[in-house]
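Participant: File name entry_7.cif; file contents mmCIF, C-alpha atoms and all ligand atoms; full text below.
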data_upload
loop_
_atom_site.label_atom_id
_atom_site.label_comp_id
_atom_site.auth_asym_id
_atom_site.auth_seq_id
_atom_site.Cartn_x
_atom_site.Cartn_y
_atom_site.Cartn_z
CA MET E 18 7.78 -14.56 -15.17
CA GLN E 19 7.20 -11.08 -13.75
CA GLU E 20 4.64 -10.33 -16.47
CA SER E 21 2.16 -12.74 -14.98
CA GLU E 22 2.57 -11.20 -11.54
CA VAL E 23 1.15 -7.88 -12.78
CA ALA E 24 -2.12 -7.22 -14.59
CA TYR E 25 -3.75 -4.15 -16.13
CA LEU E 26 -7.41 -3.29 -16.06
CA SER E 27 -8.67 -0.43 -18.21
CA PHE E 28 -12.22 0.80 -17.84
CA ASP E 29 -14.40 1.73 -20.82
CA GLN E 30 -16.10 5.12 -20.99
CA ASP E 31 -19.40 3.99 -19.48
CA GLN E 32 -17.66 2.22 -16.63
CA ALA E 33 -15.44 5.26 -16.03
CA ARG E 34 -18.55 7.47 -15.89
CA THR E 35 -20.20 5.19 -13.34
CA LEU E 36 -17.01 5.04 -11.27
CA ALA E 37 -16.82 8.83 -11.32
CA ALA E 38 -20.46 9.24 -10.26
CA ALA E 39 -19.98 6.70 -7.49
CA SER E 40 -16.76 8.30 -6.25
CA GLN E 41 -18.45 11.71 -6.26
CA ASN E 42 -21.38 10.30 -4.29
CA LEU E 43 -19.12 8.72 -1.65
CA ALA E 44 -16.94 11.84 -1.41
CA GLU E 45 -19.97 14.07 -0.83
CA LEU E 46 -20.91 11.86 2.12
CA GLY E 47 -17.44 12.39 3.61
CA GLY E 48 -15.37 9.64 1.96
CA PRO E 49 -13.91 6.48 3.54
CA GLN E 50 -13.72 7.93 7.07
CA ALA E 51 -17.47 8.61 7.23
CA ARG E 52 -19.86 6.08 8.75
CA GLY E 53 -21.98 4.21 6.22
CA VAL E 54 -19.72 4.93 3.24
CA ALA E 55 -18.11 1.45 3.20
CA ALA E 56 -21.52 -0.21 2.76
CA LEU E 57 -22.41 2.23 0.00
CA ALA E 58 -19.08 1.62 -1.74
CA ARG E 59 -19.91 -2.11 -1.68
CA GLN E 60 -23.30 -1.40 -3.29
CA TRP E 61 -21.67 0.67 -6.03
CA ALA E 62 -19.14 -2.12 -6.64
CA GLN E 63 -22.01 -4.60 -6.99
CA ARG E 64 -23.60 -2.31 -9.59
CA ILE E 65 -20.39 -2.02 -11.57
CA GLN E 66 -19.55 -5.73 -11.42
CA PRO E 67 -22.07 -6.92 -14.07
CA THR E 68 -20.83 -4.28 -16.56
CA LEU E 69 -17.30 -5.77 -16.55
CA ASP E 70 -16.23 -8.03 -19.39
CA ALA E 71 -14.63 -11.45 -18.88
CA SER E 72 -11.02 -10.24 -18.96
CA GLN E 73 -11.72 -7.39 -16.54
CA GLN E 74 -13.44 -9.81 -14.18
CA ALA E 75 -10.56 -12.28 -14.48
CA ALA E 76 -8.01 -9.61 -13.53
CA LEU E 77 -10.03 -8.57 -10.49
CA GLN E 78 -10.61 -12.18 -9.44
CA HIS E 79 -6.93 -12.94 -9.81
CA PHE E 80 -6.05 -10.10 -7.47
CA ALA E 81 -8.87 -10.99 -5.07
CA ASP E 82 -7.49 -14.54 -4.82
CA GLY E 83 -4.02 -13.26 -3.88
CA ARG E 84 -2.39 -14.40 -7.13
CA LEU E 85 -1.15 -11.05 -8.44
CA ALA E 86 1.62 -8.84 -7.09
CA ALA E 87 -0.04 -5.72 -8.52
CA LEU E 88 -3.06 -4.63 -10.53
CA MET E 89 -2.91 -1.31 -12.38
CA CYS E 90 -6.34 0.24 -13.01
CA THR E 91 -6.35 2.79 -15.84
CA GLN E 92 -8.58 5.10 -17.88
CA MET E 93 -10.61 6.56 -15.06
CA THR E 94 -11.83 10.14 -15.08
CA CYS E 95 -11.96 13.02 -12.61
CA PRO E 96 -14.50 15.86 -12.73
CA GLY E 97 -13.04 19.25 -13.74
CA SER E 98 -9.40 20.23 -13.95
CA ASP E 99 -7.07 20.18 -10.97
CA PRO E 100 -3.71 21.65 -11.95
CA ALA E 101 -0.79 21.27 -9.54
CA PRO E 102 -0.41 24.38 -7.35
CA ALA E 103 2.86 26.33 -7.03
CA LEU E 104 3.46 24.74 -3.61
CA LEU E 105 2.01 21.70 -1.85
CA PRO E 106 -0.83 22.89 0.46
CA ASP E 107 -0.69 21.85 4.13
CA LEU E 108 -1.98 18.49 5.30
CA PRO E 109 -5.19 19.66 7.06
CA THR E 110 -6.24 21.62 3.95
CA LEU E 111 -5.61 18.63 1.69
CA THR E 112 -7.36 16.21 4.04
CA GLN E 113 -10.54 18.29 3.79
CA SER E 114 -10.32 18.87 0.05
CA GLU E 115 -12.98 17.51 -2.27
CA ARG E 116 -10.46 16.15 -4.76
CA CYS E 117 -8.59 14.11 -2.15
CA LEU E 118 -11.89 12.74 -0.82
CA TYR E 119 -12.88 11.89 -4.39
CA LEU E 120 -9.68 9.93 -5.06
CA ALA E 121 -9.86 8.24 -1.65
CA SER E 122 -13.47 7.23 -2.34
CA ARG E 123 -12.54 5.85 -5.73
CA ASN E 124 -9.76 3.84 -4.11
CA GLN E 125 -12.25 2.43 -1.63
CA LEU E 126 -14.55 1.46 -4.48
CA LEU E 127 -11.69 -0.28 -6.33
CA LEU E 128 -10.85 -2.18 -3.14
CA GLU E 129 -14.49 -3.30 -2.98
CA LEU E 130 -14.25 -4.55 -6.57
CA VAL E 131 -11.66 -7.07 -5.34
CA HIS E 132 -13.72 -7.74 -2.18
CA TYR E 133 -11.25 -5.97 0.10
CA ARG E 134 -12.28 -3.75 2.98
CA ALA E 135 -10.61 -0.38 3.53
CA PHE E 136 -9.43 0.04 7.12
CA ALA E 137 -7.17 1.94 9.50
CA PHE E 138 -4.83 0.82 12.28
CA ASP E 139 -5.36 2.48 15.67
CA ILE E 140 -1.62 3.13 16.05
CA ASP E 141 -0.89 4.40 12.54
CA ASN E 142 -1.85 7.53 10.58
CA GLU E 143 -3.78 8.90 13.59
CA GLY E 144 -6.30 6.10 13.15
CA GLN E 145 -7.50 7.51 9.81
CA VAL E 146 -8.40 5.36 6.80
CA VAL E 147 -7.02 7.81 4.24
CA ARG E 148 -3.29 8.48 4.13
CA LEU E 149 -1.98 11.37 2.06
CA VAL E 150 1.50 10.55 0.82
CA GLY E 151 3.58 13.66 0.18
CA ASN E 152 6.59 15.60 1.33
CA PHE E 153 5.16 17.39 4.39
CA LYS E 154 8.26 17.00 6.57
CA GLY E 155 11.21 17.54 4.27
CA GLY E 156 13.92 15.28 2.93
CA GLY E 157 13.17 15.69 -0.79
CA SER E 158 15.81 16.62 -3.33
CA VAL E 159 14.56 20.24 -3.13
CA LEU E 160 14.13 21.88 0.28
CA ARG E 161 10.62 22.78 1.43
CA PRO E 162 10.05 26.45 2.34
CA GLY E 163 11.76 26.98 5.70
CA GLU E 164 13.20 23.44 5.82
CA ASP E 165 16.32 23.05 7.96
CA PRO E 166 18.70 20.92 5.87
CA THR E 167 20.47 19.63 9.02
CA SER E 168 17.41 18.28 10.85
CA ARG E 169 16.68 14.55 11.07
CA ILE E 170 13.82 13.60 8.77
CA GLU E 171 11.53 10.69 9.61
CA LEU E 172 11.51 7.73 7.22
CA SER E 173 7.85 7.75 6.36
CA SER E 174 5.45 8.55 3.56
CA HIS E 175 5.08 12.09 4.98
CA ALA E 176 8.67 12.87 4.00
CA GLY E 177 10.51 13.18 0.71
CA LEU E 178 13.27 10.65 1.40
CA ARG E 179 13.95 7.61 -0.73
CA LEU E 180 12.01 4.62 0.62
CA GLY E 181 13.79 1.33 -0.09
CA PRO E 182 11.78 -1.78 -1.00
CA HIS E 183 9.34 -2.78 1.75
CA THR E 184 6.02 -4.29 2.63
CA GLU E 185 3.76 -2.21 4.85
CA ALA E 186 3.97 -2.61 8.64
CA PRO E 187 3.09 -4.06 11.04
CA TYR E 188 5.53 -6.91 10.69
CA ASN E 189 4.31 -9.29 13.40
CA CYS E 190 1.98 -11.41 11.25
CA SER E 191 0.43 -11.53 7.78
CA VAL E 192 -3.10 -12.97 7.68
CA GLN E 193 -4.48 -13.81 11.12
CA ALA E 194 -4.24 -11.63 14.21
CA ARG E 195 -1.67 -12.91 16.70
CA GLU E 196 -1.48 -12.02 20.39
CA GLY E 197 -4.23 -9.46 19.89
CA ARG E 198 -2.44 -7.69 17.06
CA SER E 199 -3.82 -7.38 13.56
CA PRO E 200 -1.97 -8.64 10.52
CA ALA E 201 -0.19 -6.44 8.00
CA PRO E 202 -2.51 -4.94 5.35
CA SER E 203 -3.37 -7.46 2.62
CA ALA E 204 -3.06 -4.70 0.06
CA LEU E 205 -2.55 -1.01 -0.41
CA ILE E 206 -4.00 1.11 -3.17
CA LEU E 207 -2.37 4.29 -4.43
CA SER E 208 -3.59 6.99 -6.77
CA ALA E 209 -2.03 10.37 -7.47
CA ARG E 210 -3.60 13.77 -7.22
CA TRP E 211 -0.47 15.46 -8.51
CA ASN E 212 2.69 13.93 -9.91
CA PRO E 213 4.12 16.70 -12.11
CA ALA E 214 7.53 15.03 -12.64
CA ASN E 215 6.01 11.59 -13.38
CA GLU E 216 7.95 10.06 -10.48
CA PRO E 217 7.34 6.30 -10.40
CA THR E 218 6.29 3.99 -7.60
CA ARG E 219 8.48 0.88 -7.90
CA ILE E 220 7.28 -2.66 -7.40
CA ILE E 221 9.29 -5.84 -6.92
CA PRO E 222 7.12 -8.97 -7.32
CA LEU E 223 8.41 -11.49 -4.77
CA ARG E 224 7.48 -14.79 -6.36
CA PRO E 225 10.41 -14.81 -8.84
CA VAL E 226 12.75 -13.74 -6.03
CA ILE E 227 11.67 -16.60 -3.76
CA GLU E 228 11.86 -19.09 -6.61
CA LYS E 229 15.41 -18.01 -7.44
CA LEU E 230 16.34 -18.09 -3.76
CA GLY E 231 15.75 -21.84 -3.62
CA SER E 232 13.89 -24.03 -1.18
CA LEU E 233 16.38 -24.20 1.71
CA HIS E 234 16.96 -20.44 1.86
CA ALA E 235 13.21 -19.85 1.62
CA LEU E 236 12.66 -22.31 4.45
CA ALA E 237 15.24 -20.45 6.58
CA LEU E 238 13.32 -17.19 6.06
CA THR E 239 10.32 -18.81 7.77
CA SER E 240 12.36 -19.16 11.00
CA ALA E 241 12.05 -16.57 13.78
CA SER E 242 15.43 -15.02 13.01
CA PHE E 243 14.77 -11.37 12.11
CA ASP E 244 14.35 -8.10 13.98
CA PHE E 245 12.67 -4.92 12.79
CA THR E 246 12.70 -1.33 14.02
CA ARG E 247 9.61 0.69 14.85
CA SER E 248 7.86 2.58 12.02
CA ASP E 249 8.21 6.37 12.16
CA CYS E 250 4.59 6.84 11.15
CA PHE E 251 3.21 5.09 14.27
CA VAL E 252 1.57 7.17 16.99
CA ALA E 253 4.14 8.15 19.67
CA GLY E 254 4.75 5.31 22.14
CA GLN E 255 2.87 2.74 20.05
CA GLY E 256 3.92 -0.12 17.77
CA GLU E 257 7.28 -1.08 19.28
CA ALA E 258 10.13 -2.74 17.41
CA GLY E 259 10.02 -6.49 16.96
CA LYS E 260 12.48 -9.23 17.88
CA ALA E 261 12.91 -12.71 16.45
CA THR E 262 10.14 -12.78 13.89
CA SER E 263 9.91 -14.63 10.59
CA MET E 264 9.89 -12.93 7.18
CA LEU E 265 8.08 -15.54 5.17
CA GLN E 266 5.22 -17.93 5.74
CA PHE E 267 3.20 -20.43 3.77
CA ASP E 268 -0.23 -19.15 2.86
CA PRO E 269 -2.93 -21.27 1.21
CA ASP E 270 -4.36 -18.20 -0.56
CA GLY E 271 -1.58 -17.01 -2.83
CA GLY E 272 1.09 -19.53 -1.80
CA PHE E 273 3.15 -17.38 0.56
CA ALA E 274 3.18 -14.15 2.53
CA MET E 275 6.29 -12.01 3.04
CA ARG E 276 7.08 -9.26 5.55
CA TYR E 277 10.19 -7.22 4.87
CA ASN E 278 11.56 -3.71 4.93
CA ALA E 279 14.96 -2.85 3.45
CA TYR E 280 15.57 -0.07 6.00
CA ARG E 281 14.05 -1.71 9.09
CA PHE E 282 14.92 -5.43 9.02
CA SER E 283 18.10 -7.00 10.35
CA LEU E 284 19.33 -10.41 11.46
CA ASN E 285 18.54 -11.36 15.08
CA ASP E 286 21.59 -11.90 17.35
CA HIS E 287 20.59 -15.50 18.00
CA ALA E 288 19.81 -16.39 14.39
CA SER E 289 21.45 -19.47 12.92
CA GLU E 290 24.15 -19.21 10.28
CA ALA E 291 21.75 -20.74 7.78
CA ALA E 292 19.24 -17.95 8.44
CA GLY E 293 22.01 -15.38 8.04
CA ARG E 294 23.04 -16.82 4.68
CA ALA E 295 19.41 -16.89 3.53
CA PHE E 296 18.94 -13.25 4.57
CA ASP E 297 22.09 -12.23 2.65
CA ALA E 298 21.01 -14.21 -0.41
CA PHE E 299 17.54 -12.65 -0.31
CA GLN E 300 18.95 -9.12 -0.11
CA ALA E 301 21.44 -9.84 -2.89
CA LEU E 302 18.61 -11.07 -5.13
CA LEU E 303 16.59 -7.94 -4.35
CA GLY E 304 19.59 -5.87 -5.40
CA GLU E 305 19.62 -7.64 -8.76
CA SER E 306 15.85 -7.53 -9.25
CA GLU E 307 14.48 -5.03 -11.67
CA ALA E 308 11.81 -2.96 -9.92
CA LEU E 309 8.82 -2.27 -12.16
CA PRO E 310 8.00 1.45 -12.42
CA PHE E 311 4.38 2.64 -12.26
CA VAL E 312 3.70 6.32 -12.81
CA LEU E 313 0.63 7.26 -10.82
CA GLN E 314 -1.69 9.99 -12.08
CA PRO E 315 -5.31 10.97 -11.32
CA ASP E 316 -6.64 8.69 -14.07
CA ASN E 317 -5.10 5.52 -12.65
CA ALA E 318 -4.70 3.59 -9.41
CA LEU E 319 -2.34 0.81 -8.38
CA LEU E 320 -3.41 -2.10 -6.17
CA ILE E 321 -0.38 -3.70 -4.50
CA ASN E 322 -0.55 -7.13 -2.85
CA ASN E 323 1.33 -6.46 0.39
CA SER E 324 2.20 -10.14 0.93
CA ARG E 325 3.50 -10.73 -2.58
CA ALA E 326 5.27 -7.53 -3.63
CA LEU E 327 7.66 -4.95 -2.25
CA HIS E 328 7.16 -1.30 -3.09
CA GLY E 329 9.38 1.74 -2.81
CA ARG E 330 10.37 4.96 -4.47
CA ASP E 331 13.32 7.28 -5.04
CA ILE E 332 13.92 10.59 -3.29
CA LEU E 333 11.17 13.03 -4.35
CA GLN E 334 12.09 15.47 -7.09
CA ASP E 335 8.94 17.62 -7.14
CA ASN E 336 7.55 18.46 -3.69
CA ARG E 337 4.04 18.83 -5.11
CA ARG E 338 3.73 15.07 -5.71
CA LEU E 339 0.70 13.91 -3.72
CA LEU E 340 -0.61 10.36 -3.51
CA VAL E 341 -3.79 9.11 -1.85
CA ARG E 342 -3.35 5.75 -0.13
CA LEU E 343 -5.74 3.28 1.48
CA PHE E 344 -5.03 -0.06 3.14
CA GLY E 345 -7.28 -3.04 2.47
CA TYR E 346 -7.91 -6.42 4.08
CA SER E 347 -8.76 -9.35 1.85
CA ARG E 348 -11.62 -11.70 2.62
CA PHE E 349 -9.04 -14.07 4.16
CA ALA E 350 -7.59 -11.60 6.68
CA GLN E 351 -8.59 -11.88 10.33
CA PRO E 352 -7.76 -8.62 12.11
CA ALA E 353 -8.43 -7.64 15.73
CA VAL E 354 -11.39 -5.33 15.10
CA LEU E 355 -11.89 -2.32 17.38
CA SER E 356 -14.71 -0.69 15.43
CA GLU E 357 -16.62 -1.87 12.35
CA ASP E 358 -17.63 1.34 10.62
CA PRO E 359 -15.29 2.75 9.53
CA LEU E 360 -13.17 -0.35 10.06
CA LEU E 361 -10.54 0.29 12.74
CA VAL E 362 -8.24 -2.49 13.90
CA ARG E 363 -5.65 -2.93 16.65
CA GLY E 364 -2.10 -2.56 15.33
FE FE D 1 5.01 2.02 1.85
#
Please express what this file holds, its structure, as structure tokens.
Ligand SMILES: [Fe+2]

Facilitator:
Amino acid sequence: MQESEVAYLSFDQDQARTLAAASQNLAELGGPQARGVAALARQWAQRIQPTLDASQQAALQHFADGRLAALMCTQMTCPGSDPAPALLPDLPTLTQSERCLYLASRNQLLLELVHYRAFAFDIDNEGQVVRLVGNFKGGGSVLRPGEDPTSRIELSSHAGLRLGPHTEAPYNCSVQAREGRSPAPSALILSARWNPANEPTRIIPLRPVIEKLGSLHALALTSASFDFTRSDCFVAGQGEAGKATSMLQFDPDGGFAMRYNAYRFSLNDHASEAAGRAFDAFQALLGESEALPFVLQPDNALLINNSRALHGRDILQDNRRLLVRLFGYSRFAQPAVLSEDPLLVRG
């Protein structure tokens, strides 16, 4: 069952060379945050498209249509060697670095291959399209230089803490903007610049979970019975907590859309008993579900359908682990657009 929720796409040598040249080209122009790069990424994707064989095209189409939980892209290349340093450099240095821009550009190109648009929320990640995921704030299994082991560490992708299974915020809606707020990302894409300890990103496809849950519990999860706390990565004062929202909705493109976060969701005070039982049953099933491990490295990238899969990871073991993440909207998503190029939406 879970097999069919995940697909693999490996590129041949010619395709990998074209992808590398394209990523280099986009990175030299400034990467996903630079004006005009999205259109160029689309052009490169259109050039690569006809070189794909039938099974590669089928995998991409399947993801584009919302029918896969995850698509692992493999056998890509990076120019030159890029060994992990002794210590993780600081965030501003990494943000400017050619290699991070290269991987971010390649992620944007892969999003374009499934007809998704890379974007940023105004209230998240300082409004930037590219998010570097690494232990910049502490909380890993090994202390950072100068880290105070008694300080409170934020639960975000800029820390080393374990992140339980979740979909990406915001949690107000999934496909169409509501009350002026944009939906959750349709997908995220992750690649690794460094992952010396081969620490996996874990995915739980939700379709088998919902099917095991049964129809009445699933129906109860569509009721406005759940609260969520504010995300630590939001800009100060923005993106407040939510009350009485649903977790699950019917979606014609993919069948359903889920919003959930193991460390942020709880039952609303006014929720019915039936909703409470459904919430417990859902969490119990998650506990039993086997999360699928994906070890990210520079030669691969993982597309995750944010409506159809949960993702998470364990506490970081090696503080040099650095991922490059982009959010994407599918062709079905209707965000509240603030600026088209680069795409910035209201969170
Ligand atoms: Fe996440």

Participant: Can you work out the spacing between CA of Arg64 (chain E) and CA of Ala76 (chain E) in Å, to one decimal?

Facilitator: 17.7 Å

Participant: Please indicate the distance in Å from CA of Ser114 (chain E) to CA of Asn336 (chain E), rounded to one decimal place.

Facilitator: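 Interatomic distance, CA of Ser114 (chain E) to CA of Asn336 (chain E): 18.3 Å.
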
Participant: Which value, in Å to one decimal, gives the distance between CA of Glu115 (chain E) and CA of Gln73 (chain E)?

Facilitator: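 Computed distance, CA of Glu115 (chain E) to CA of Gln73 (chain E), equals 28.7 Å.
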
Participant: Applying 7 Å and all atoms listed in the file, which residues near Asp139 (chain E) remain after dropping the ones on its own chain fewer than 3 positions away? List them as a PDB file with C-alpha atoms, in the frame of the given file.

Facilitator:
ATOM      1  CA  GLU E 143      -3.780   8.900  13.590  1.00  0.00           C
ATOM      2  CA  GLY E 144      -6.300   6.100  13.150  1.00  0.00           C
ATOM      3  CA  LEU E 361     -10.540   0.290  12.740  1.00  0.00           C
ATOM      4  CA  VAL E 362      -8.240  -2.490  13.900  1.00  0.00           C
ATOM      5  CA  ARG E 363      -5.650  -2.930  16.650  1.00  0.00           C
ATOM      6  CA  GLY E 364      -2.100  -2.560  15.330  1.00  0.00           C
TER       7      GLY E 364
END

Participant: Compute the set of protein, DNA and RNA residues whose minimum atom distance to ligand FE 1 (chain D) is at most 7 Å, using all atoms listed in the file, and state it as a count of residues only.

Facilitator: 6

Participant: May I ask which of the residues E:Thr94, E:Ser168, E:Val147, E:Leu128 is the closest one to Leu111 (chain E), counting only C-alpha atoms?

Facilitator: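 Once distances to Leu111 (chain E) are computed over only C-alpha atoms, the minimum belongs to E:Val147.
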
Participant: Counting all atoms listed in the file, which residue out of E:Val23, E:Leu178, E:Ala44, E:Ala298 sits closest to Ala86 (chain E)?

Facilitator: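 Of E:Val23, E:Leu178, E:Ala44, E:Ala298, the one nearest Ala86 (chain E) is E:Val23, counting all atoms listed in the file.
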
Participant: Taking into account all atoms listed in the file, which residue in the set E:Ala33, E:Val150, E:Cys117, E:Ala353 is nearest to Glu196 (chain E)?

Facilitator: E:Ala353

Participant: Pick from E:Ile220, E:Cys95, E:Ala62, E:Ala258: nearest to Leu319 (chain E), with all atoms listed in the file counted?

Facilitator: E:Ile220

Participant: Restricting the calculation to all atoms listed in the file, which member of E:Ala58, E:Ala71, E:Leu205, E:Leu88 is positioned closest to Leu26 (chain E)?

Facilitator: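 Of E:Ala58, E:Ala71, E:Leu205, E:Leu88, the one nearest Leu26 (chain E), counting all atoms listed in the file, is E:Leu88.
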
Participant: Smallest atom-to-atom distance to Thr91 (chain E): which of E:Leu105, E:Asp29, E:Glu290, E:Phe267, using only C-alpha atoms?

Facilitator: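 Residue with the minimum atom-to-atom distance to Thr91 (chain E): E:Asp29.
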
Participant: Wanna dump the region 309-333 of chain E-region 222-241 of chain E contacts at 12 Å for me, each residue with its shortest atom pair and the distance in Å to one decimal, counting all atoms listed in the file, ordered by chain and number, as CSV?

Facilitator:
residue,atom,partner,partner_atom,distance
E:Leu309,CA,E:Pro222,CA,8.4
E:Pro310,CA,E:Pro222,CA,11.6
E:Ile321,CA,E:Pro222,CA,9.6
E:Asn322,CA,E:Pro222,CA,9.1
E:Asn323,CA,E:Pro222,CA,10.0
E:Ser324,CA,E:Leu223,CA,8.5
E:Arg325,CA,E:Leu223,CA,5.4
E:Ala326,CA,E:Pro222,CA,4.4
E:Leu327,CA,E:Pro222,CA,6.5
E:His328,CA,E:Pro222,CA,8.8
E:Gly329,CA,E:Pro222,CA,11.8

Participant: Output as AutoDock Vina command-line options the centre and edge lengths (Å, one decimal) of the box along x, y and z of the file that holds every listed atom of region 89-100 of chain E after adding 4 Å on each side.

Facilitator:
--center_x -8.7 --center_y 10.2 --center_z -14.4 --size_x 19.6 --size_y 31.0 --size_z 14.9

Participant: Excluding Ala55 (chain E) and its own-chain neighbours fewer than 4 positions away, which residues fall within 12 Å of it when counting all atoms listed in the file? Please give them as an MDAnalysis selection string.

Facilitator: chainID E and resid 40 43:44 46:51 59:62 121:129 132:136 146 345 357:360

Participant: If we count all atoms listed in the file, what is near Leu207 (chain E) at a cut-off of 10 Å, once residues fewer than 5 positions away on the same chain are taken out, given as a PDB file with C-alpha atoms, in the frame of the given file?

Facilitator:
ATOM      1  CA  MET E  89      -2.910  -1.310 -12.380  1.00  0.00           C
ATOM      2  CA  LEU E 120      -9.680   9.930  -5.060  1.00  0.00           C
ATOM      3  CA  ALA E 121      -9.860   8.240  -1.650  1.00  0.00           C
ATOM      4  CA  ASN E 124      -9.760   3.840  -4.110  1.00  0.00           C
ATOM      5  CA  ARG E 148      -3.290   8.480   4.130  1.00  0.00           C
ATOM      6  CA  LEU E 149      -1.980  11.370   2.060  1.00  0.00           C
ATOM      7  CA  VAL E 150       1.500  10.550   0.820  1.00  0.00           C
ATOM      8  CA  THR E 218       6.290   3.990  -7.600  1.00  0.00           C
ATOM      9  CA  LEU E 313       0.630   7.260 -10.820  1.00  0.00           C
ATOM     10  CA  GLN E 314      -1.690   9.990 -12.080  1.00  0.00           C
ATOM     11  CA  ASN E 317      -5.100   5.520 -12.650  1.00  0.00           C
ATOM     12  CA  ALA E 318      -4.700   3.590  -9.410  1.00  0.00           C
ATOM     13  CA  LEU E 319      -2.340   0.810  -8.380  1.00  0.00           C
ATOM     14  CA  LEU E 320      -3.410  -2.100  -6.170  1.00  0.00           C
ATOM     15  CA  ILE E 321      -0.380  -3.700  -4.500  1.00  0.00           C
ATOM     16  CA  LEU E 340      -0.610  10.360  -3.510  1.00  0.00           C
ATOM     17  CA  VAL E 341      -3.790   9.110  -1.850  1.00  0.00           C
ATOM     18  CA  ARG E 342      -3.350   5.750  -0.130  1.00  0.00           C
ATOM     19  CA  LEU E 343      -5.740   3.280   1.480  1.00  0.00           C
ATOM     20  CA  PHE E 344      -5.030  -0.060   3.140  1.00  0.00           C
TER      21      PHE E 344
END
